[in-house]
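K.L.:
See data-v4.txt below, with compact mmCIF, C-alpha atoms.
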```txt
# COMPACT_ATOMS: atom_id res chain seq x y z
CA MET V 1 -10.82 6.82 9.26
CA ASP V 2 -9.79 7.42 12.85
CA THR V 3 -6.43 8.89 13.83
CA ILE V 4 -5.04 8.02 17.25
CA ARG V 5 -2.28 10.20 18.67
CA VAL V 6 -0.21 8.89 21.54
CA SER V 7 1.76 11.30 23.73
CA THR V 8 4.63 10.16 25.91
CA GLU V 9 4.01 12.84 28.56
CA VAL V 10 3.19 11.28 31.92
CA PRO V 11 -0.15 12.55 33.33
CA GLY V 12 0.33 14.85 36.28
CA SER V 13 3.96 15.59 35.48
CA SER V 14 5.27 19.09 35.03
CA LYS V 15 5.81 20.52 31.58
CA SER V 16 8.99 19.21 30.04
CA THR V 17 11.29 21.18 27.81
CA SER V 18 10.99 18.59 25.03
CA GLN V 19 8.24 16.14 24.12
CA SER V 20 8.27 13.04 21.97
CA LEU V 21 5.20 12.31 19.85
CA SER V 22 4.45 9.05 18.11
CA GLU V 23 1.53 8.51 15.77
CA SER V 24 -0.53 5.62 14.44
CA THR V 25 -3.67 5.36 12.35
CA SER V 26 -6.54 2.89 12.65
CA LEU V 27 -7.96 2.14 9.19
CA THR V 28 -11.36 0.45 8.93
CA GLU V 29 -12.98 -0.19 5.57
CA THR V 30 -15.27 -2.62 3.78
CA ILE V 31 -14.33 -5.07 1.07
CA ASN V 32 -17.43 -5.24 -1.12
CA GLY V 33 -18.71 -7.89 -3.50
CA SER V 34 -22.01 -8.78 -5.19
CA HIS V 35 -23.77 -11.91 -6.41
CA GLU V 36 -26.90 -12.45 -8.51
CA PHE V 37 -29.04 -15.49 -7.78
CA LYS V 38 -31.62 -16.53 -10.40
CA ILE V 39 -34.46 -18.72 -9.15
CA SER V 40 -36.14 -20.44 -12.09
CA GLY V 41 -39.26 -22.59 -11.79
CA TYR V 42 -40.72 -20.73 -8.82
CA SER V 43 -44.02 -22.61 -9.05
CA LEU V 44 -42.16 -25.90 -8.68
CA VAL V 45 -40.30 -24.92 -5.50
CA LYS V 46 -43.42 -23.42 -3.96
CA GLY V 47 -44.94 -25.85 -1.49
CA MET V 48 -41.67 -27.64 -0.71
CA GLY V 49 -42.31 -26.99 2.98
CA ILE V 50 -41.65 -24.49 5.74
CA GLY V 51 -37.98 -24.24 6.56
CA LYS V 52 -36.95 -25.77 3.22
CA TYR V 53 -34.84 -23.66 0.91
CA VAL V 54 -33.04 -23.33 -2.38
CA ALA V 55 -29.50 -21.97 -2.16
CA SER V 56 -27.19 -20.15 -4.48
CA ASP V 57 -23.72 -21.27 -5.33
CA THR V 58 -21.12 -20.00 -2.86
CA PHE V 59 -19.21 -16.83 -3.69
CA MET V 60 -16.18 -15.13 -2.12
CA VAL V 61 -16.09 -11.66 -0.57
CA GLY V 62 -13.43 -10.37 1.81
CA GLY V 63 -11.76 -13.75 2.15
CA TYR V 64 -14.96 -15.53 3.22
CA SER V 65 -17.44 -17.74 1.40
CA TRP V 66 -21.12 -16.73 1.28
CA ALA V 67 -24.42 -18.14 -0.01
CA ILE V 68 -27.99 -16.87 -0.50
CA TYR V 69 -30.90 -18.88 0.93
CA PHE V 70 -34.46 -18.49 -0.40
CA TYR V 71 -37.36 -20.08 1.54
CA PRO V 72 -40.43 -20.17 -0.77
CA ASP V 73 -42.71 -21.30 2.09
CA GLY V 74 -41.05 -19.21 4.74
CA LYS V 75 -38.53 -20.09 7.42
CA SER V 76 -40.73 -19.96 10.53
CA PRO V 77 -43.74 -22.21 11.22
CA GLU V 78 -45.58 -19.39 13.01
CA ASP V 79 -45.91 -17.47 9.71
CA ASN V 80 -47.82 -20.39 8.15
CA SER V 81 -46.23 -19.90 4.67
CA VAL V 82 -47.68 -16.40 4.33
CA TYR V 83 -44.24 -14.89 3.63
CA VAL V 84 -41.19 -15.88 1.66
CA SER V 85 -37.91 -15.64 3.55
CA LEU V 86 -34.54 -14.50 2.22
CA PHE V 87 -31.14 -14.74 3.96
CA ILE V 88 -27.43 -14.40 3.33
CA ALA V 89 -25.27 -16.92 5.21
CA LEU V 90 -21.60 -17.33 6.08
CA ALA V 91 -20.58 -20.51 4.25
CA SER V 92 -16.97 -20.82 5.39
CA GLU V 93 -15.23 -21.13 8.71
CA GLY V 94 -14.98 -17.87 10.58
CA ALA V 95 -15.59 -16.34 13.97
CA ASP V 96 -17.02 -12.88 14.64
CA VAL V 97 -17.05 -11.87 10.97
CA ARG V 98 -18.37 -8.29 10.79
CA ALA V 99 -20.16 -7.32 7.60
CA LEU V 100 -22.81 -5.16 5.97
CA PHE V 101 -25.49 -6.68 3.74
CA GLU V 102 -28.02 -5.72 1.12
CA LEU V 103 -30.69 -8.03 -0.30
CA THR V 104 -32.57 -6.89 -3.41
CA LEU V 105 -35.50 -8.50 -5.16
CA VAL V 106 -35.17 -7.18 -8.71
CA ASP V 107 -38.14 -5.61 -10.50
CA GLN V 108 -38.08 -7.49 -13.82
CA SER V 109 -40.50 -5.14 -15.57
CA GLY V 110 -37.79 -2.54 -16.19
CA ASN V 111 -39.41 0.06 -13.93
CA GLU V 112 -36.53 -0.15 -11.43
CA ARG V 113 -38.95 -0.49 -8.49
CA HIS V 114 -36.78 -3.02 -6.70
CA LYS V 115 -37.52 -4.25 -3.21
CA VAL V 116 -34.38 -3.49 -1.22
CA HIS V 117 -33.48 -4.38 2.35
CA SER V 118 -30.12 -2.78 3.06
CA HIS V 119 -27.86 -2.71 6.07
CA PHE V 120 -25.41 -0.29 4.41
CA GLY V 121 -27.49 2.82 5.08
CA ARG V 122 -27.94 2.01 8.79
CA THR V 123 -24.29 1.68 9.83
CA LEU V 124 -24.39 4.72 12.10
CA GLU V 125 -27.50 3.41 13.85
CA SER V 126 -26.52 -0.19 14.55
CA GLY V 127 -23.07 -0.77 13.09
CA PRO V 128 -22.07 -3.85 11.07
CA TYR V 129 -23.69 -7.20 11.74
CA THR V 130 -21.53 -9.87 13.40
CA LEU V 131 -21.71 -13.50 12.29
CA LYS V 132 -20.43 -15.74 15.05
CA TYR V 133 -19.76 -18.99 13.16
CA ARG V 134 -20.27 -20.89 9.91
CA GLY V 135 -23.95 -21.01 9.03
CA SER V 136 -24.77 -17.68 10.73
CA MET V 137 -27.35 -15.73 8.74
CA TRP V 138 -28.60 -12.23 8.15
CA GLY V 139 -31.92 -11.56 6.43
CA TYR V 140 -35.68 -11.46 6.80
CA LYS V 141 -38.18 -14.15 7.73
CA ARG V 142 -40.93 -11.92 6.35
CA PHE V 143 -39.12 -10.63 3.31
CA PHE V 144 -42.20 -10.44 1.08
CA LYS V 145 -45.83 -11.52 1.35
CA ARG V 146 -46.18 -14.49 -0.96
CA SER V 147 -49.59 -13.59 -2.38
CA LEU V 148 -48.28 -10.14 -3.38
CA LEU V 149 -45.07 -11.57 -4.80
CA GLU V 150 -46.91 -13.93 -7.13
CA SER V 151 -48.90 -11.08 -8.67
CA SER V 152 -46.01 -8.61 -8.90
CA ASP V 153 -43.44 -7.59 -11.49
CA TYR V 154 -40.75 -9.32 -9.44
CA LEU V 155 -41.94 -12.66 -10.82
CA LYS V 156 -41.32 -13.03 -14.55
CA ASP V 157 -41.44 -16.18 -16.65
CA ASN V 158 -41.89 -18.17 -13.44
CA GLY V 159 -38.58 -16.87 -12.14
CA LEU V 160 -37.14 -14.47 -9.56
CA LEU V 161 -33.86 -12.53 -9.54
CA VAL V 162 -32.15 -11.79 -6.23
CA ARG V 163 -29.13 -9.53 -5.96
CA CYS V 164 -26.98 -9.59 -2.83
CA CYS V 165 -24.21 -7.20 -1.81
CA VAL V 166 -21.78 -8.04 1.02
CA GLY V 167 -19.32 -5.64 2.62
CA VAL V 168 -16.83 -7.38 4.91
CA VAL V 169 -15.37 -5.05 7.53
CA LYS V 170 -11.57 -5.11 7.80
CA SER V 171 -9.42 -3.14 10.25
CA ARG V 172 -5.70 -2.57 10.50
CA THR V 173 -3.37 -0.21 12.31
CA GLU V 174 -0.58 1.63 10.55
CA GLY V 175 2.40 3.14 12.32
CA PRO V 176 5.38 5.09 10.99
CA ARG V 177 6.78 3.37 7.95
CA SER V 178 10.45 2.48 7.85
CA TYR V 179 12.33 1.72 4.69
CA ASN V 180 15.39 -0.52 4.51
CA ILE V 181 17.44 0.96 1.70
CA HIS V 182 20.67 -0.76 0.81
CA VAL V 183 23.46 1.80 0.46
CA PRO V 184 26.30 0.40 -1.64
CA VAL V 185 29.91 0.82 -0.62
CA SER V 186 31.32 4.01 -2.08
CA ASP V 187 33.49 3.55 -5.15
CA LEU V 188 34.31 7.24 -5.47
CA GLY V 189 38.03 6.52 -5.32
CA GLN V 190 37.77 4.12 -8.25
CA GLN V 191 35.78 6.67 -10.21
CA PHE V 192 38.43 9.33 -9.60
CA GLY V 193 41.08 6.83 -10.72
CA LYS V 194 39.22 6.16 -13.98
CA LEU V 195 38.86 9.90 -14.51
CA LEU V 196 42.63 10.36 -14.16
CA GLU V 197 43.31 7.49 -16.53
CA SER V 198 40.96 8.88 -19.15
CA GLU V 199 42.54 12.38 -18.92
CA LYS V 200 39.14 13.80 -19.92
CA GLY V 201 38.60 17.34 -18.68
CA ALA V 202 42.13 17.60 -17.25
CA ASP V 203 43.08 21.22 -16.57
CA VAL V 204 46.48 20.87 -14.94
CA THR V 205 49.63 18.94 -15.83
CA PHE V 206 52.32 17.84 -13.40
CA ASP V 207 55.86 17.49 -14.69
CA VAL V 208 57.72 15.02 -12.49
CA ASP V 209 61.20 13.87 -13.42
CA GLY V 210 60.47 14.37 -17.12
CA GLU V 211 57.13 12.52 -17.03
CA THR V 212 53.80 14.37 -17.26
CA PHE V 213 50.61 13.59 -15.35
CA PRO V 214 47.36 15.28 -16.44
CA ALA V 215 44.94 15.88 -13.51
CA HIS V 216 41.93 17.91 -12.39
CA LYS V 217 42.33 20.92 -10.12
CA LEU V 218 38.97 20.65 -8.37
CA VAL V 219 39.43 16.97 -7.59
CA LEU V 220 42.91 17.59 -6.18
CA ALA V 221 41.72 20.57 -4.14
CA ALA V 222 38.82 18.57 -2.71
CA ARG V 223 41.11 15.71 -1.69
CA SER V 224 44.00 17.67 -0.20
CA PRO V 225 44.38 21.00 1.61
CA VAL V 226 47.96 21.23 0.30
CA PHE V 227 46.88 21.00 -3.33
CA ARG V 228 43.99 23.38 -2.54
CA ALA V 229 46.44 25.99 -1.25
CA GLN V 230 48.81 25.53 -4.21
CA LEU V 231 46.04 25.70 -6.82
CA PHE V 232 43.47 28.10 -5.35
CA GLY V 233 45.14 29.77 -2.35
CA PRO V 234 46.11 33.45 -2.13
CA LEU V 235 49.78 32.62 -2.84
CA ARG V 236 49.07 30.55 -5.93
CA SER V 237 50.93 31.31 -9.13
CA GLU V 238 49.13 32.85 -12.06
CA ASN V 239 50.17 29.91 -14.21
CA THR V 240 48.77 26.72 -12.71
CA LYS V 241 48.27 24.81 -15.95
CA CYS V 242 51.70 23.18 -15.77
CA ILE V 243 53.36 22.49 -12.43
CA THR V 244 56.88 21.07 -12.03
CA ILE V 245 57.54 18.98 -8.96
CA GLU V 246 61.11 18.15 -7.99
CA ASP V 247 62.78 15.76 -5.55
CA ILE V 248 60.26 12.96 -6.05
CA GLU V 249 60.23 10.04 -8.42
CA ALA V 250 57.50 9.77 -11.03
CA PRO V 251 56.13 6.33 -9.92
CA ILE V 252 55.76 7.57 -6.35
CA PHE V 253 53.91 10.68 -7.48
CA LYS V 254 51.59 8.56 -9.63
CA ASP V 255 50.72 6.40 -6.63
CA ILE V 256 49.91 9.53 -4.64
CA LEU V 257 47.58 10.80 -7.37
CA PHE V 258 45.66 7.52 -7.43
CA THR V 259 45.33 7.26 -3.64
CA ARG V 260 44.13 9.63 -0.95
CA PRO V 261 47.25 11.60 -0.03
CA SER V 262 47.74 12.71 3.55
CA PRO V 263 48.84 16.29 4.33
CA GLY V 264 52.11 14.88 5.70
CA VAL V 265 52.93 13.25 2.37
CA LEU V 266 51.99 16.31 0.37
CA LEU V 267 54.22 18.55 2.47
CA LEU V 268 57.06 16.83 0.64
CA PHE V 269 55.95 18.83 -2.39
CA SER V 270 57.33 22.08 -0.96
CA ASN V 271 59.64 22.43 -3.93
CA ILE V 272 57.04 23.15 -6.56
CA THR V 273 57.77 25.49 -9.44
CA HIS V 274 55.41 27.04 -11.94
CA PRO V 275 56.95 27.76 -15.35
CA GLY V 276 56.46 31.36 -16.32
```
Represent the structure of the file as structure tokens.

P.N.:
Amino acid sequence: MDTIRVSTEVPGSSKSTSQSLSESTSLTETINGSHEFKISGYSLVKGMGIGKYVASDTFMVGGYSWAIYFYPDGKSPEDNSVYVSLFIALASEGADVRALFELTLVDQSGNERHKVHSHFGRTLESGPYTLKYRGSMWGYKRFFKRSLLESSDYLKDNGLLVRCCVGVVKSRTEGPRSYNIHVPVSDLGQQFGKLLESEKGADVTFDVDGETFPAHKLVLAARSPVFRAQLFGPLRSENTKCITIEDIEAPIFKDILFTRPSPGVLLLFSNITHPG
């Protein structure tokens, strides 16, 4: 993984008092997949001719279709059928597909002495292989000498087993992530109204024109500096559990409790008495 840091400082400019730094990351990885190709009846495909092949079914790796090609008499006329050839081919449309490959002829004796040609271990030397178009191949014209193959443990019950691994190279660039979080409209006022209606936790009662209104000191103090001074200020009365308010009608006071009172409105409550 490579990290690329981009600075906004202009080359050759003097040092600035503040700098802005943005950051992005280039992520390159392989999407891997494997396929096993069983070739039965080897003796029957032998002698089919140079350049002739048997092919596996197509399989998908990294969003592309692939197929394995086995040439029992070799792929090139100059080898005169001395070697068998083995290739992996891009079977779908694609341009400049970069991938790593591994072709394995499986030892069927159980001794695990497989014949492996791998591109995965050589990535630092040559990098991934690039397939330019559909039908592009990677593999070996001289994968195995045919005379040795036919007397080896790779051939069992007139059959061969080929295992292919493909790693398609994918790259992407990630920048700072932004999240669009919907913030709902505040309903705090409605919640305070429901709290007043429920009278739960009320710790102060207002007596207005013979009608009582239970309320909450902290809520009132948070909403109004006038109530804050009357309930928690240095000149507050020792008894703030029951407060009598005069010169205001009860319905008007109720409306004030259920709305956000302004300091100008609350200054009307200058005639407040606290029963001893």

K.L.:
I'd like the interatomic distance between CA of Ile39 (chain V) and CA of Lys156 (chain V), to a tenth of an Å.

P.N.:
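Answer for the CA of Ile39 (chain V) to CA of Lys156 (chain V) separation: 10.4 Å.
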
K.L.:
Can you tell me which residues surround region 79-88 of chain V at a distance of at most 7 Å, considering all atoms listed in the file, apart from same-chain residues fewer than 6 positions away, and format the answer as JSON, numbers by chain?

P.N.:
{"V": [50, 67, 68, 69, 70, 71, 72, 73, 137, 138, 139, 140, 141, 142, 143, 144, 145, 146]}

K.L.:
If you keep C-alpha atoms, can you produce a file of those selected residues as a compact mmCIF listing (two decimals), in the frame of the given file?

P.N.:
```
# COMPACT_ATOMS: atom_id res chain seq x y z
CA ILE V 50 -41.65 -24.49 5.74
CA ALA V 67 -24.42 -18.14 -0.01
CA ILE V 68 -27.99 -16.87 -0.50
CA TYR V 69 -30.90 -18.88 0.93
CA PHE V 70 -34.46 -18.49 -0.40
CA TYR V 71 -37.36 -20.08 1.54
CA PRO V 72 -40.43 -20.17 -0.77
CA ASP V 73 -42.71 -21.30 2.09
CA MET V 137 -27.35 -15.73 8.74
CA TRP V 138 -28.60 -12.23 8.15
CA GLY V 139 -31.92 -11.56 6.43
CA TYR V 140 -35.68 -11.46 6.80
CA LYS V 141 -38.18 -14.15 7.73
CA ARG V 142 -40.93 -11.92 6.35
CA PHE V 143 -39.12 -10.63 3.31
CA PHE V 144 -42.20 -10.44 1.08
CA LYS V 145 -45.83 -11.52 1.35
CA ARG V 146 -46.18 -14.49 -0.96
```

K.L.:
Tell me which protein, DNA and RNA residues are within 9 Å of region 101-108 of chain V, counting all atoms listed in the file, leaving out same-chain ones fewer than 6 positions away, and put them as a list of chain:residue names.

P.N.:
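Final neighbour list, sorted by chain and number: V:Leu86, V:Phe87, V:Ile88, V:His114, V:Lys115, V:Val116, V:His117, V:Ser118, V:His119, V:Phe120, V:Pro128, V:Tyr129, V:Trp138, V:Gly139, V:Ser152, V:Asp153, V:Tyr154, V:Leu155, V:Lys156, V:Leu160, V:Leu161, V:Val162, V:Arg163, V:Cys164, V:Cys165, V:Val166, V:Gly167, V:Val168.
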
K.L.:
Please produce a file of the residues just selected, as a PDB file, in the coordinates of the input, where the atoms kept are C-alpha atoms.

P.N.:
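Output file out27.pdb follows:
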```
ATOM      1  CA  LEU V  86     -34.540 -14.500   2.220  1.00  0.00           C
ATOM      2  CA  PHE V  87     -31.140 -14.740   3.960  1.00  0.00           C
ATOM      3  CA  ILE V  88     -27.430 -14.400   3.330  1.00  0.00           C
ATOM      4  CA  HIS V 114     -36.780  -3.020  -6.700  1.00  0.00           C
ATOM      5  CA  LYS V 115     -37.520  -4.250  -3.210  1.00  0.00           C
ATOM      6  CA  VAL V 116     -34.380  -3.490  -1.220  1.00  0.00           C
ATOM      7  CA  HIS V 117     -33.480  -4.380   2.350  1.00  0.00           C
ATOM      8  CA  SER V 118     -30.120  -2.780   3.060  1.00  0.00           C
ATOM      9  CA  HIS V 119     -27.860  -2.710   6.070  1.00  0.00           C
ATOM     10  CA  PHE V 120     -25.410  -0.290   4.410  1.00  0.00           C
ATOM     11  CA  PRO V 128     -22.070  -3.850  11.070  1.00  0.00           C
ATOM     12  CA  TYR V 129     -23.690  -7.200  11.740  1.00  0.00           C
ATOM     13  CA  TRP V 138     -28.600 -12.230   8.150  1.00  0.00           C
ATOM     14  CA  GLY V 139     -31.920 -11.560   6.430  1.00  0.00           C
ATOM     15  CA  SER V 152     -46.010  -8.610  -8.900  1.00  0.00           C
ATOM     16  CA  ASP V 153     -43.440  -7.590 -11.490  1.00  0.00           C
ATOM     17  CA  TYR V 154     -40.750  -9.320  -9.440  1.00  0.00           C
ATOM     18  CA  LEU V 155     -41.940 -12.660 -10.820  1.00  0.00           C
ATOM     19  CA  LYS V 156     -41.320 -13.030 -14.550  1.00  0.00           C
ATOM     20  CA  LEU V 160     -37.140 -14.470  -9.560  1.00  0.00           C
ATOM     21  CA  LEU V 161     -33.860 -12.530  -9.540  1.00  0.00           C
ATOM     22  CA  VAL V 162     -32.150 -11.790  -6.230  1.00  0.00           C
ATOM     23  CA  ARG V 163     -29.130  -9.530  -5.960  1.00  0.00           C
ATOM     24  CA  CYS V 164     -26.980  -9.590  -2.830  1.00  0.00           C
ATOM     25  CA  CYS V 165     -24.210  -7.200  -1.810  1.00  0.00           C
ATOM     26  CA  VAL V 166     -21.780  -8.040   1.020  1.00  0.00           C
ATOM     27  CA  GLY V 167     -19.320  -5.640   2.620  1.00  0.00           C
ATOM     28  CA  VAL V 168     -16.830  -7.380   4.910  1.00  0.00           C
TER      29      VAL V 168
END
```

K.L.:
Quick one: of V:Ser65, V:Asn111, V:Thr173, V:Ser151, who's nearest to Glu29 (chain V), counting all atoms listed in the file?

P.N.:
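Among the listed residues, the smallest separation from Glu29 (chain V) belongs to V:Thr173.
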
K.L.:
Report, in Å with one decimal, the straight-line distance from CA of Ile243 (chain V) to CA of Thr212 (chain V).

P.N.:
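Taking CA of Ile243 (chain V) as the start and CA of Thr212 (chain V) as the end point, the length is 9.5 Å.
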
K.L.:
If I wrap all listed atoms of region 154-173 of chain V in a box with edges along x, y and z and add 3 Å on each side, what are its centre and edge lengths in Å to one decimal, as lines of an AutoDock Vina configuration file?

P.N.:
```
center_x = -22.7
center_y = -9.2
center_z = -2.2
size_x = 44.6
size_y = 24.0
size_z = 35.0
```

K.L.:
List as a PyMOL selection string the protein and nucleic acid residues near Val169 (chain V), meaning an atom at most 7 Å away when all atoms listed in the file are counted, but skip any in the same chain fewer than 6 places from it.

P.N.:
chain V and resi 28-31+98-99
